[in-house]
$ cat final_5.cif   # mmCIF, C-alpha atoms
data_start
#
loop_
_atom_site.label_atom_id
_atom_site.label_comp_id
_atom_site.auth_asym_id
_atom_site.auth_seq_id
_atom_site.Cartn_x
_atom_site.Cartn_y
_atom_site.Cartn_z
CA MET A 1 -65.55 -43.45 18.52
CA ILE A 2 -65.23 -39.66 18.29
CA GLU A 3 -63.71 -39.57 21.79
CA ASN A 4 -61.12 -42.20 20.85
CA THR A 5 -60.28 -40.31 17.66
CA CYS A 6 -59.71 -37.10 19.65
CA ILE A 7 -57.41 -38.93 22.06
CA LEU A 8 -55.40 -40.37 19.17
CA ILE A 9 -55.09 -36.95 17.56
CA PHE A 10 -53.94 -35.46 20.87
CA LEU A 11 -51.32 -38.21 21.37
CA LEU A 12 -50.10 -37.80 17.78
CA PHE A 13 -49.78 -34.06 18.25
CA LYS A 14 -47.85 -34.58 21.49
CA PHE A 15 -45.56 -37.10 19.79
CA ILE A 16 -44.79 -34.67 16.94
CA LEU A 17 -44.10 -31.85 19.43
CA LEU A 18 -41.71 -33.98 21.49
CA TRP A 19 -40.01 -35.25 18.36
CA LYS A 20 -39.47 -31.70 17.06
CA ARG A 21 -37.95 -30.70 20.38
CA GLY A 22 -35.55 -33.62 20.10
CA SER A 23 -36.72 -35.25 23.31
CA PHE A 24 -38.48 -38.37 22.01
CA PHE A 25 -36.63 -41.41 20.64
CA MET A 26 -33.54 -39.24 20.02
CA GLU A 27 -30.86 -37.37 21.91
CA THR A 28 -31.23 -33.65 22.50
CA LYS A 29 -29.03 -31.70 20.11
CA THR A 30 -26.07 -30.04 21.79
CA ASN A 31 -25.36 -26.48 20.71
CA LYS A 32 -21.74 -25.50 21.20
CA LEU A 33 -20.33 -22.00 21.61
CA LEU A 34 -16.82 -20.59 21.88
CA VAL A 35 -16.32 -18.25 24.85
CA PHE A 36 -13.38 -15.87 24.39
CA SER A 37 -11.44 -13.90 27.02
CA SER A 38 -12.67 -16.44 29.55
CA TYR A 39 -10.77 -16.46 32.83
CA ASP A 40 -11.39 -18.66 35.86
CA TYR A 41 -13.95 -16.25 37.27
CA ASP A 42 -15.83 -16.29 33.95
CA VAL A 43 -15.97 -20.08 33.90
CA THR A 44 -17.21 -20.16 37.50
CA ALA A 45 -19.91 -17.60 36.72
CA PHE A 46 -21.13 -19.36 33.57
CA GLU A 47 -21.32 -22.71 35.36
CA LYS A 48 -23.89 -21.24 37.75
CA TYR A 49 -26.36 -20.99 34.87
CA PRO A 50 -26.24 -24.30 32.98
CA GLU A 51 -28.63 -24.83 30.09
CA LYS A 52 -29.72 -28.23 28.77
CA GLY A 53 -28.38 -28.89 25.29
CA LEU A 54 -25.74 -26.16 25.55
CA GLU A 55 -21.99 -26.69 25.73
CA LEU A 56 -19.50 -23.88 26.25
CA GLU A 57 -15.88 -24.18 25.18
CA TYR A 58 -13.69 -21.68 27.01
CA VAL A 59 -10.81 -19.89 25.30
CA LYS A 60 -8.65 -17.72 27.55
CA GLU A 61 -7.11 -15.76 24.69
CA THR A 62 -8.56 -12.52 23.39
CA LEU A 63 -10.43 -13.06 20.13
CA THR A 64 -8.45 -12.46 16.94
CA PRO A 65 -8.93 -13.90 13.44
CA ASP A 66 -6.03 -16.31 14.01
CA ILE A 67 -7.38 -17.49 17.36
CA LEU A 68 -10.83 -18.04 15.85
CA ARG A 69 -9.38 -20.03 12.93
CA LYS A 70 -7.53 -22.20 15.43
CA HIS A 71 -10.75 -23.18 17.21
CA ALA A 72 -13.51 -22.93 14.59
CA LYS A 73 -14.77 -26.07 12.89
CA LYS A 74 -17.43 -25.94 10.22
CA GLY A 75 -20.84 -26.75 11.62
CA GLU A 76 -19.59 -27.49 15.14
CA TYR A 77 -20.29 -24.16 16.84
CA VAL A 78 -23.39 -22.01 16.53
CA GLY A 79 -21.86 -18.78 17.80
CA ILE A 80 -19.40 -16.96 20.04
CA ILE A 81 -19.51 -15.19 23.40
CA VAL A 82 -17.11 -12.25 23.68
CA PHE A 83 -16.07 -9.43 25.98
CA VAL A 84 -15.06 -5.80 25.53
CA ASN A 85 -11.53 -6.41 24.22
CA ASP A 86 -12.54 -9.07 21.70
CA GLN A 87 -12.56 -7.35 18.32
CA VAL A 88 -15.38 -8.76 16.20
CA ASP A 89 -14.37 -7.20 12.90
CA LYS A 90 -15.09 -8.11 9.29
CA GLU A 91 -12.43 -10.80 9.17
CA VAL A 92 -13.76 -12.48 12.31
CA ILE A 93 -17.35 -12.30 11.02
CA ASP A 94 -16.29 -13.82 7.68
CA ILE A 95 -14.61 -16.73 9.51
CA MET A 96 -17.79 -17.21 11.54
CA ALA A 97 -19.94 -17.26 8.39
CA GLU A 98 -17.59 -19.75 6.72
CA ASN A 99 -18.06 -22.05 9.70
CA ASP A 100 -21.87 -21.73 9.92
CA MET A 101 -21.91 -19.61 13.09
CA TYR A 102 -24.84 -17.25 13.22
CA PHE A 103 -24.81 -15.20 16.40
CA ILE A 104 -22.60 -13.12 18.69
CA ALA A 105 -23.29 -12.51 22.38
CA THR A 106 -21.19 -9.89 24.13
CA ARG A 107 -21.22 -9.96 27.91
CA SER A 108 -21.02 -6.18 28.05
CA ALA A 109 -23.16 -3.10 27.58
CA GLY A 110 -20.69 -1.53 25.15
CA PHE A 111 -20.63 -2.76 21.58
CA ASN A 112 -18.01 -0.64 19.78
CA HIS A 113 -15.82 -3.77 19.52
CA ILE A 114 -18.35 -5.31 17.10
CA ASP A 115 -18.83 -4.32 13.46
CA LEU A 116 -22.62 -4.20 13.68
CA ALA A 117 -23.18 -3.16 10.09
CA TYR A 118 -21.16 -6.05 8.68
CA ALA A 119 -22.71 -8.50 11.14
CA LYS A 120 -26.14 -7.48 9.91
CA GLU A 121 -24.99 -7.83 6.29
CA LYS A 122 -23.92 -11.39 7.09
CA ASN A 123 -27.24 -12.12 8.88
CA MET A 124 -25.53 -12.48 12.25
CA LYS A 125 -27.59 -11.87 15.37
CA VAL A 126 -25.83 -9.69 17.95
CA TYR A 127 -26.85 -9.53 21.61
CA ARG A 128 -25.52 -7.43 24.49
CA VAL A 129 -26.17 -6.83 28.19
CA PRO A 130 -27.40 -3.22 28.25
CA GLU A 131 -27.98 -3.11 32.02
CA TYR A 132 -26.22 -5.24 34.59
CA SER A 133 -25.34 -2.92 37.48
CA SER A 134 -25.25 0.81 36.95
CA TYR A 135 -24.38 1.12 40.64
CA SER A 136 -21.11 -0.80 40.26
CA ILE A 137 -19.77 1.54 37.55
CA ALA A 138 -21.03 4.73 39.18
CA GLU A 139 -19.60 3.76 42.56
CA HIS A 140 -16.24 2.92 40.97
CA ALA A 141 -16.22 6.34 39.33
CA VAL A 142 -16.77 7.89 42.76
CA THR A 143 -13.95 5.74 44.14
CA LEU A 144 -11.58 7.02 41.46
CA LEU A 145 -12.68 10.59 42.13
CA LEU A 146 -12.20 10.48 45.90
CA SER A 147 -8.95 8.54 45.68
CA SER A 148 -7.57 10.99 43.12
CA ILE A 149 -8.53 14.10 45.04
CA ARG A 150 -6.91 12.88 48.28
CA ASP A 151 -4.06 10.90 46.63
CA ILE A 152 -5.04 7.81 48.59
CA PRO A 153 -2.50 5.51 46.83
CA THR A 154 0.41 7.63 48.08
CA ALA A 155 -1.04 7.84 51.59
CA VAL A 156 -1.55 4.07 51.82
CA TYR A 157 1.85 3.25 50.33
CA ASN A 158 3.66 5.64 52.69
CA THR A 159 1.94 4.44 55.85
CA ARG A 160 2.72 0.83 54.95
CA HIS A 161 6.36 1.91 54.93
CA ASN A 162 6.05 3.73 58.26
CA ASP A 163 6.00 7.19 56.67
CA PHE A 164 3.18 8.99 58.44
CA SER A 165 3.99 12.49 57.20
CA LEU A 166 1.57 14.53 55.11
CA LYS A 167 2.69 15.07 51.53
CA PRO A 168 1.63 18.03 49.37
CA THR A 169 -0.14 15.68 46.92
CA MET A 170 -2.49 14.59 49.71
CA MET A 171 -3.97 18.08 49.96
CA GLY A 172 -7.40 17.66 48.41
CA PHE A 173 -10.60 19.67 48.29
CA ASP A 174 -14.26 19.28 49.20
CA ILE A 175 -16.64 18.03 46.54
CA HIS A 176 -19.34 19.96 48.41
CA GLY A 177 -19.93 23.23 46.62
CA LYS A 178 -18.07 22.23 43.45
CA THR A 179 -19.55 21.92 39.97
CA VAL A 180 -19.60 18.42 38.53
CA GLY A 181 -20.14 18.01 34.79
CA LEU A 182 -21.46 14.76 33.32
CA VAL A 183 -21.03 13.80 29.69
CA GLY A 184 -23.74 11.19 29.22
CA THR A 185 -26.76 10.70 31.46
CA GLY A 186 -27.75 7.11 30.91
CA LYS A 187 -28.38 4.93 33.94
CA ILE A 188 -24.75 5.00 35.10
CA GLY A 189 -24.43 8.75 34.68
CA GLN A 190 -27.68 9.26 36.54
CA LYS A 191 -26.52 7.18 39.51
CA PHE A 192 -23.23 9.11 39.63
CA ALA A 193 -25.09 12.42 39.47
CA GLN A 194 -27.31 11.44 42.37
CA ILE A 195 -24.26 10.52 44.46
CA MET A 196 -22.62 13.84 43.62
CA ALA A 197 -25.80 15.68 44.59
CA GLY A 198 -25.61 13.85 47.91
CA PHE A 199 -22.15 15.34 48.42
CA GLY A 200 -23.64 18.79 47.93
CA ALA A 201 -22.21 19.43 44.46
CA THR A 202 -23.90 21.38 41.68
CA VAL A 203 -24.46 18.95 38.81
CA ILE A 204 -24.58 19.99 35.16
CA ALA A 205 -24.77 17.63 32.22
CA TYR A 206 -24.56 17.24 28.48
CA ASP A 207 -26.35 14.54 26.56
CA LYS A 208 -27.52 14.39 22.96
CA PHE A 209 -30.73 12.85 24.29
CA PRO A 210 -31.42 14.57 27.64
CA ALA A 211 -33.45 12.84 30.35
CA THR A 212 -35.41 15.94 31.24
CA GLU A 213 -37.82 14.43 33.77
CA TRP A 214 -34.98 12.82 35.70
CA ALA A 215 -32.95 16.06 35.58
CA GLU A 216 -35.83 18.09 36.99
CA LYS A 217 -36.35 15.58 39.78
CA PHE A 218 -32.71 15.59 40.89
CA GLY A 219 -31.82 19.21 40.17
CA VAL A 220 -29.48 18.53 37.24
CA THR A 221 -29.10 21.26 34.61
CA TYR A 222 -28.40 20.41 30.98
CA VAL A 223 -25.94 22.70 29.20
CA GLU A 224 -24.03 22.72 25.93
CA LEU A 225 -20.75 20.81 25.91
CA ASP A 226 -18.50 23.89 25.72
CA GLU A 227 -20.33 25.43 28.68
CA LEU A 228 -19.82 22.24 30.66
CA TYR A 229 -16.11 22.30 29.86
CA ALA A 230 -15.86 25.92 31.02
CA LYS A 231 -17.83 25.56 34.26
CA ALA A 232 -17.04 22.12 35.67
CA ASP A 233 -14.46 21.52 38.39
CA ILE A 234 -14.91 17.79 37.83
CA ILE A 235 -15.82 16.17 34.50
CA ALA A 236 -17.02 12.55 34.37
CA LEU A 237 -17.52 10.61 31.15
CA PHE A 238 -20.40 8.15 30.80
CA CYS A 239 -21.09 8.14 27.06
CA PRO A 240 -20.48 5.46 24.41
CA VAL A 241 -17.93 5.72 21.62
CA PHE A 242 -19.29 6.95 18.31
CA PRO A 243 -17.38 8.72 15.54
CA GLU A 244 -18.39 12.07 17.06
CA THR A 245 -17.26 11.13 20.59
CA GLN A 246 -13.99 9.36 19.76
CA HIS A 247 -11.13 11.41 21.25
CA MET A 248 -13.59 14.07 22.39
CA ILE A 249 -11.19 14.78 25.26
CA ASN A 250 -8.19 16.19 23.42
CA LYS A 251 -5.91 19.22 23.58
CA ASP A 252 -8.59 21.49 22.09
CA SER A 253 -11.37 20.47 24.48
CA ILE A 254 -8.99 20.44 27.45
CA ALA A 255 -8.00 24.03 26.61
CA LYS A 256 -11.64 25.03 27.18
CA MET A 257 -11.65 23.57 30.71
CA LYS A 258 -10.78 25.14 34.04
CA ASP A 259 -7.17 25.01 35.17
CA GLY A 260 -6.78 22.10 37.57
CA VAL A 261 -9.85 20.22 36.35
CA ILE A 262 -10.40 16.61 37.45
CA ILE A 263 -11.43 14.14 34.73
CA ILE A 264 -12.95 10.71 35.43
CA ASN A 265 -13.50 8.09 32.72
CA THR A 266 -15.20 4.76 33.42
CA ALA A 267 -16.85 4.65 29.99
CA ARG A 268 -14.52 3.93 27.08
CA GLY A 269 -10.81 4.56 26.57
CA LEU A 270 -11.32 5.89 23.05
CA LEU A 271 -13.14 8.93 24.44
CA VAL A 272 -9.75 10.32 25.51
CA LYS A 273 -6.72 11.03 23.34
CA THR A 274 -4.11 9.73 25.76
CA GLU A 275 -1.12 11.70 24.47
CA ASP A 276 -3.03 14.94 25.02
CA MET A 277 -4.09 13.81 28.51
CA VAL A 278 -0.46 13.07 29.43
CA ASP A 279 0.57 16.56 28.26
CA ALA A 280 -2.26 18.13 30.27
CA LEU A 281 -1.25 16.20 33.41
CA LYS A 282 2.37 17.27 33.00
CA SER A 283 1.39 20.93 32.64
CA GLY A 284 -1.10 20.81 35.52
CA LYS A 285 -4.00 21.86 33.31
CA VAL A 286 -5.60 18.57 34.37
CA ALA A 287 -4.94 18.12 38.07
CA ARG A 288 -6.06 14.49 38.27
CA TYR A 289 -7.15 11.83 35.78
CA GLY A 290 -8.95 8.75 37.08
CA ALA A 291 -9.77 6.07 34.51
CA ASP A 292 -10.86 2.47 34.39
CA VAL A 293 -10.22 2.27 30.65
CA TYR A 294 -7.50 2.97 28.09
CA GLU A 295 -7.88 3.42 24.35
CA ASN A 296 -5.49 0.59 23.45
CA GLU A 297 -6.17 -1.66 26.41
CA ALA A 298 -7.06 -4.87 24.55
CA LYS A 299 -3.59 -6.42 24.73
CA TYR A 300 -2.94 -5.62 28.36
CA PHE A 301 -6.06 -5.28 30.48
CA PHE A 302 -7.22 -8.47 32.24
CA ASN A 303 -3.69 -9.92 31.90
CA ASP A 304 -0.68 -9.99 34.24
CA TYR A 305 2.25 -8.08 32.75
CA SER A 306 4.09 -7.57 36.05
CA ASN A 307 7.06 -9.58 34.75
CA ILE A 308 6.70 -8.74 31.08
CA PRO A 309 7.77 -5.43 29.48
CA VAL A 310 4.88 -3.22 28.37
CA GLU A 311 5.61 -2.25 24.78
CA ASP A 312 2.98 0.50 24.59
CA LYS A 313 4.95 3.70 25.19
CA VAL A 314 1.82 5.84 25.53
CA LEU A 315 0.43 3.56 28.23
CA GLU A 316 3.80 3.52 29.99
CA GLU A 317 3.89 7.31 30.04
CA LEU A 318 0.32 7.55 31.31
CA LEU A 319 1.01 5.11 34.16
CA ALA A 320 4.14 7.08 35.05
CA GLN A 321 2.14 10.24 35.73
CA PRO A 322 1.82 10.73 39.51
CA HIS A 323 -1.61 12.31 39.12
CA ALA A 324 -3.09 9.57 36.93
CA MET A 325 -4.98 6.76 38.62
CA ILE A 326 -5.71 3.88 36.26
CA THR A 327 -7.59 0.71 37.17
CA PRO A 328 -7.72 -2.37 34.86
CA HIS A 329 -11.31 -2.15 33.59
CA SER A 330 -12.56 -3.45 36.92
CA ALA A 331 -15.51 -1.13 37.54
CA PHE A 332 -17.95 -3.92 36.64
CA PHE A 333 -16.24 -6.41 38.97
CA THR A 334 -18.86 -6.81 41.71
CA ASN A 335 -20.90 -9.81 42.78
CA GLU A 336 -24.15 -8.16 41.75
CA ALA A 337 -22.89 -7.13 38.31
CA PHE A 338 -21.39 -10.55 37.61
CA GLU A 339 -24.59 -12.36 38.46
CA ASN A 340 -26.60 -10.15 36.13
CA ILE A 341 -24.05 -10.26 33.29
CA TYR A 342 -23.90 -14.03 33.08
CA LYS A 343 -27.59 -14.64 33.73
CA ILE A 344 -28.56 -12.22 30.94
CA THR A 345 -25.84 -13.49 28.59
CA MET A 346 -27.14 -17.05 28.93
CA ALA A 347 -30.68 -15.83 28.27
CA ASN A 348 -29.38 -14.07 25.14
CA VAL A 349 -27.62 -17.24 24.01
CA MET A 350 -30.75 -19.37 24.35
CA ASP A 351 -32.83 -16.76 22.51
CA GLY A 352 -30.21 -16.62 19.76
CA ILE A 353 -30.29 -20.40 19.34
CA ASP A 354 -34.09 -20.47 19.32
CA SER A 355 -34.34 -17.37 17.07
CA LYS A 356 -36.57 -15.67 19.62
CA GLU A 357 -37.18 -11.92 19.59
CA ASN A 358 -35.18 -10.19 22.28
CA ALA A 359 -35.03 -6.51 23.26
CA ARG A 360 -31.31 -6.91 23.86
CA GLU A 361 -30.61 -7.84 20.26
CA MET A 362 -28.68 -5.13 18.41
CA THR A 363 -30.85 -4.41 15.40
CA GLN A 364 -29.40 -0.96 14.68
CA THR A 365 -26.08 -0.48 12.91
CA VAL A 366 -25.20 2.80 14.74
#

$ encode --input "final_5.cif" --output "structure tokens"
Amino acid sequence: MIENTCILIFLLFKFILLWKRGSFFMETKTNKLLVFSSYDYDVTAFEKYPEKGLELEYVKETLTPDILRKHAKKGEYVGIIVFVNDQVDKEVIDIMAENDMYFIATRSAGFNHIDLAYAKEKNMKVYRVPEYSSYSIAEHAVTLLLSSIRDIPTAVYNTRHNDFSLKPTMMGFDIHGKTVGLVGTGKIGQKFAQIMAGFGATVIAYDKFPATEWAEKFGVTYVELDELYAKADIIALFCPVFPETQHMINKDSIAKMKDGVIIINTARGLLVKTEDMVDALKSGKVARYGADVYENEAKYFFNDYSNIPVEDKVLEELLAQPHAMITPHSAFFTNEAFENIYKITMANVMDGIDSKENAREMTQTV
């Protein structure tokens, strides 16, 4: 009798558990999300990691309040998946709240495109991908550096047109023996520093939160920012955008640098005041500028404007500078990085739906 009672209790418990999960006598609930800035390669990547009970609706357009209003339906979507140029501002968050959406997953490490404070006020969960491939970004920064120093674009273009002469702009210099200054020594900055050390450069760095053990291991010396500006032959930016770092590279900071300095930026466009960079390139104060980002890139980057006039005069002027090498936010675009980005994003989505604790949730309103 007792044994039969225990069996009945066990079966009842199992029934309740299955019923709560939606897998007994009822269909599994489908959770739908809107995925913005989703191109063919995004769709292909997401489809490699299907999740039961999850449906993704892809929207190619960059997220704006109007685009969200066009697609949002009250109670139909639980959240959104965005990328770096999707601005999740107060208006977007209000539209989400009105339509019962409760979480945001960005498939990026950066988060300055999201109003974290307002999201928290509206009880929105925000997730990011803090680490997907530090090698991909660091190696792209090295690519920009080497290509800029040797003016590889001109050399390749000329040889394709049967011009095999050596142009003055192709005269470069050795990285060996030069001083490389890093602003930001997170995982990407650390990888870049180690590559530069391999070239035989002296590496100095500035970071508000120095990684002292790592620096000692790899022979990196931390200095104050003004000292870095004064000593570095090459300056590479690997820090996030905060109020204190926005436009940190401007006419005043550039004036503190060596004549002919090389500046590399694979972090965020807003770190550099573009008008001042253009002036510095024209004067020769900055010999080369290699960047994978631009402060007002949202409208243009990831889109084909080859047959459409670019209306951003500052961007036009930057691209016209012979010593500026700009790539379209493609540093992350490697097989390894893609696999990690989408795998982690899907894990974040499932945790957001299930209200699970997750170390990648943005709980601070920095």

$ closest_atom_pairs --input "final_5.cif" --of "stretch 239-349 of chain A" --to "stretch 200-216 of chain A" --cutoff "12 Å" --atoms "only C-alpha atoms" --output "JSON lines"
{"residue": "A:Cys239", "atom": "CA", "partner": "A:Asp207", "partner_atom": "CA", "distance": 8.3}
{"residue": "A:Pro240", "atom": "CA", "partner": "A:Asp207", "partner_atom": "CA", "distance": 11.0}
{"residue": "A:Glu244", "atom": "CA", "partner": "A:Lys208", "partner_atom": "CA", "distance": 11.1}
{"residue": "A:Thr245", "atom": "CA", "partner": "A:Lys208", "partner_atom": "CA", "distance": 11.0}

$ residues_near_point --input "final_5.cif" --point "(-27.0, -2.6, 27.3)" --cutoff "12 Å" --atoms "all atoms listed in the file" --output "PyMOL selection string"
chain A and resi 105-112+126-134+186-188+240+340-341+344-345+348+359-362

$ atom_distance --input "final_5.cif" --atom1 "atom CA of A:Val223" --atom2 "atom CA of A:Ile262"
18.6 Å

$ resolve_selection --input "final_5.cif" --expression "the PyMOL selection byres ((chain A and resi 103) around 8)" --output "list of chain:residue names"
A:Val78, A:Gly79, A:Ile80, A:Met101, A:Tyr102, A:Ile104, A:Ala105, A:Met124, A:Lys125, A:Val126, A:Tyr127, A:Gly352

$ resolve_selection --input "final_5.cif" --expression "the PyMOL selection byres ((chain A and resi 318) around 10)" --output "PyMOL selection string"
chain A and resi 274-275+277-279+281+289+294+313-317+319-326

$ residues_around --input "final_5.cif" --residues "A:Asn85" --least-positions-apart "6" --cutoff "9 Å" --atoms "only C-alpha atoms" --output "PDB file with C-alpha atoms, keeping the file's coordinate frame"
ATOM      1  CA  SER A  37     -11.440 -13.900  27.020  1.00  0.00           C
ATOM      2  CA  THR A  62      -8.560 -12.520  23.390  1.00  0.00           C
ATOM      3  CA  LEU A  63     -10.430 -13.060  20.130  1.00  0.00           C
ATOM      4  CA  HIS A 113     -15.820  -3.770  19.520  1.00  0.00           C
ATOM      5  CA  GLU A 297      -6.170  -1.660  26.410  1.00  0.00           C
ATOM      6  CA  ALA A 298      -7.060  -4.870  24.550  1.00  0.00           C
ATOM      7  CA  LYS A 299      -3.590  -6.420  24.730  1.00  0.00           C
ATOM      8  CA  PHE A 301      -6.060  -5.280  30.480  1.00  0.00           C
TER       9      PHE A 301
END

$ resolve_selection --input "final_5.cif" --expression "the PyMOL selection byres ((chain A and resi 197) around 12)" --output "MDAnalysis selection string"
chainID A and resid 175:181 190:196 198:204 215 217:221

$ write_last_selection --input "final_5.cif" --atoms "C-alpha atoms" --output "PDB file, keeping the file's coordinate frame"
ATOM      1  CA  ILE A 175     -16.640  18.030  46.540  1.00  0.00           C
ATOM      2  CA  HIS A 176     -19.340  19.960  48.410  1.00  0.00           C
ATOM      3  CA  GLY A 177     -19.930  23.230  46.620  1.00  0.00           C
ATOM      4  CA  LYS A 178     -18.070  22.230  43.450  1.00  0.00           C
ATOM      5  CA  THR A 179     -19.550  21.920  39.970  1.00  0.00           C
ATOM      6  CA  VAL A 180     -19.600  18.420  38.530  1.00  0.00           C
ATOM      7  CA  GLY A 181     -20.140  18.010  34.790  1.00  0.00           C
ATOM      8  CA  GLN A 190     -27.680   9.260  36.540  1.00  0.00           C
ATOM      9  CA  LYS A 191     -26.520   7.180  39.510  1.00  0.00           C
ATOM     10  CA  PHE A 192     -23.230   9.110  39.630  1.00  0.00           C
ATOM     11  CA  ALA A 193     -25.090  12.420  39.470  1.00  0.00           C
ATOM     12  CA  GLN A 194     -27.310  11.440  42.370  1.00  0.00           C
ATOM     13  CA  ILE A 195     -24.260  10.520  44.460  1.00  0.00           C
ATOM     14  CA  MET A 196     -22.620  13.840  43.620  1.00  0.00           C
ATOM     15  CA  GLY A 198     -25.610  13.850  47.910  1.00  0.00           C
ATOM     16  CA  PHE A 199     -22.150  15.340  48.420  1.00  0.00           C
ATOM     17  CA  GLY A 200     -23.640  18.790  47.930  1.00  0.00           C
ATOM     18  CA  ALA A 201     -22.210  19.430  44.460  1.00  0.00           C
ATOM     19  CA  THR A 202     -23.900  21.380  41.680  1.00  0.00           C
ATOM     20  CA  VAL A 203     -24.460  18.950  38.810  1.00  0.00           C
ATOM     21  CA  ILE A 204     -24.580  19.990  35.160  1.00  0.00           C
ATOM     22  CA  ALA A 215     -32.950  16.060  35.580  1.00  0.00           C
ATOM     23  CA  LYS A 217     -36.350  15.580  39.780  1.00  0.00           C
ATOM     24  CA  PHE A 218     -32.710  15.590  40.890  1.00  0.00           C
ATOM     25  CA  GLY A 219     -31.820  19.210  40.170  1.00  0.00           C
ATOM     26  CA  VAL A 220     -29.480  18.530  37.240  1.00  0.00           C
ATOM     27  CA  THR A 221     -29.100  21.260  34.610  1.00  0.00           C
TER      28      THR A 221
END

$ closest_residue --input "final_5.cif" --among "A:Lys60, A:Lys122, A:Asp66, A:Gly189" --to "A:Lys90" --atoms "only C-alpha atoms"
A:Lys122

$ residues_around --input "final_5.cif" --residues "stretch 252-261 of chain A" --least-positions-apart "6" --cutoff "9 Å" --atoms "all atoms listed in the file" --output "VMD selection string"
chain A and resid 226 to 235 276 to 277 280 284 to 289

$ atom_distance --input "final_5.cif" --atom1 "atom CA of A:Ile353" --atom2 "atom CA of A:Asn335"
27.4 Å

$ axis_aligned_box --input "final_5.cif" --around "stretch 211-221 of chain A" --padding-each-side "8 Å" --output "lines of an AutoDock Vina configuration file"
center_x = -33.5
center_y = 17.0
center_z = 35.6
size_x = 24.7
size_y = 24.4
size_z = 26.5

$ residues_near_point --input "final_5.cif" --point "(-20.0, -8.6, 8.1)" --cutoff "10 Å" --atoms "all atoms listed in the file" --output "ChimeraX atom specification"
/A:88-97,114-124

$ closest_residue --input "final_5.cif" --among "A:Arg150, A:Thr159, A:Leu225, A:Gly184" --to "A:Met171" --atoms "only C-alpha atoms"
A:Arg150

$ residues_around --input "final_5.cif" --residues "A:Tyr77" --least-positions-apart "3" --cutoff "8 Å" --atoms "all atoms listed in the file" --output "ChimeraX atom specification"
/A:31-34,72-74,80,99-101

$ atom_distance --input "final_5.cif" --atom1 "atom CA of A:Ser283" --atom2 "atom CA of A:Tyr305"
29.0 Å

$ closest_residue --input "final_5.cif" --among "A:Ala267, A:Ala347, A:Val183, A:Ala141" --to "A:Pro50" --atoms "all atoms listed in the file"
A:Ala347

$ closest_residue --input "final_5.cif" --among "A:Asp151, A:Glu339, A:Glu61, A:Glu47" --to "A:Val82" --atoms "only C-alpha atoms"
A:Glu61

$ closest_residue --input "final_5.cif" --among "A:Ile263, A:Ile67, A:Ile137, A:Met350" --to "A:His329" --atoms "only C-alpha atoms"
A:Ile137

$ closest_residue --input "final_5.cif" --among "A:Val35, A:Leu182, A:Ala331, A:Met346" --to "A:Phe83" --atoms "all atoms listed in the file"
A:Val35

$ decode --input "final_5.cif" --residues "stretch 139-163 of chain A" --atoms "C-alpha atoms" --output "CSV table (one decimal), in the first residue's frame"
chain,number,residue,atom,x,y,z
A,139,GLU,CA,44.7,40.7,-35.6
A,140,HIS,CA,42.6,43.1,-37.6
A,141,ALA,CA,44.2,46.0,-35.7
A,142,VAL,CA,47.6,44.6,-36.7
A,143,THR,CA,46.4,44.3,-40.3
A,144,LEU,CA,45.4,48.0,-40.3
A,145,LEU,CA,48.7,48.9,-38.8
A,146,LEU,CA,50.9,47.0,-41.3
A,147,SER,CA,48.8,48.0,-44.3
A,148,SER,CA,48.9,51.7,-43.3
A,149,ILE,CA,52.6,51.8,-42.6
A,150,ARG,CA,53.4,50.2,-46.1
A,151,ASP,CA,50.5,51.8,-48.0
A,152,ILE,CA,49.4,48.3,-49.2
A,153,PRO,CA,46.2,49.6,-50.8
A,154,THR,CA,48.2,51.8,-53.2
A,155,ALA,CA,50.7,49.0,-53.9
A,156,VAL,CA,48.0,46.5,-54.7
A,157,TYR,CA,46.0,48.9,-56.8
A,158,ASN,CA,49.0,50.0,-58.9
A,159,THR,CA,50.3,46.5,-59.6
A,160,ARG,CA,46.8,45.5,-60.7
A,161,HIS,CA,47.1,48.3,-63.3
A,162,ASN,CA,50.6,47.2,-64.3
A,163,ASP,CA,52.3,50.0,-62.4
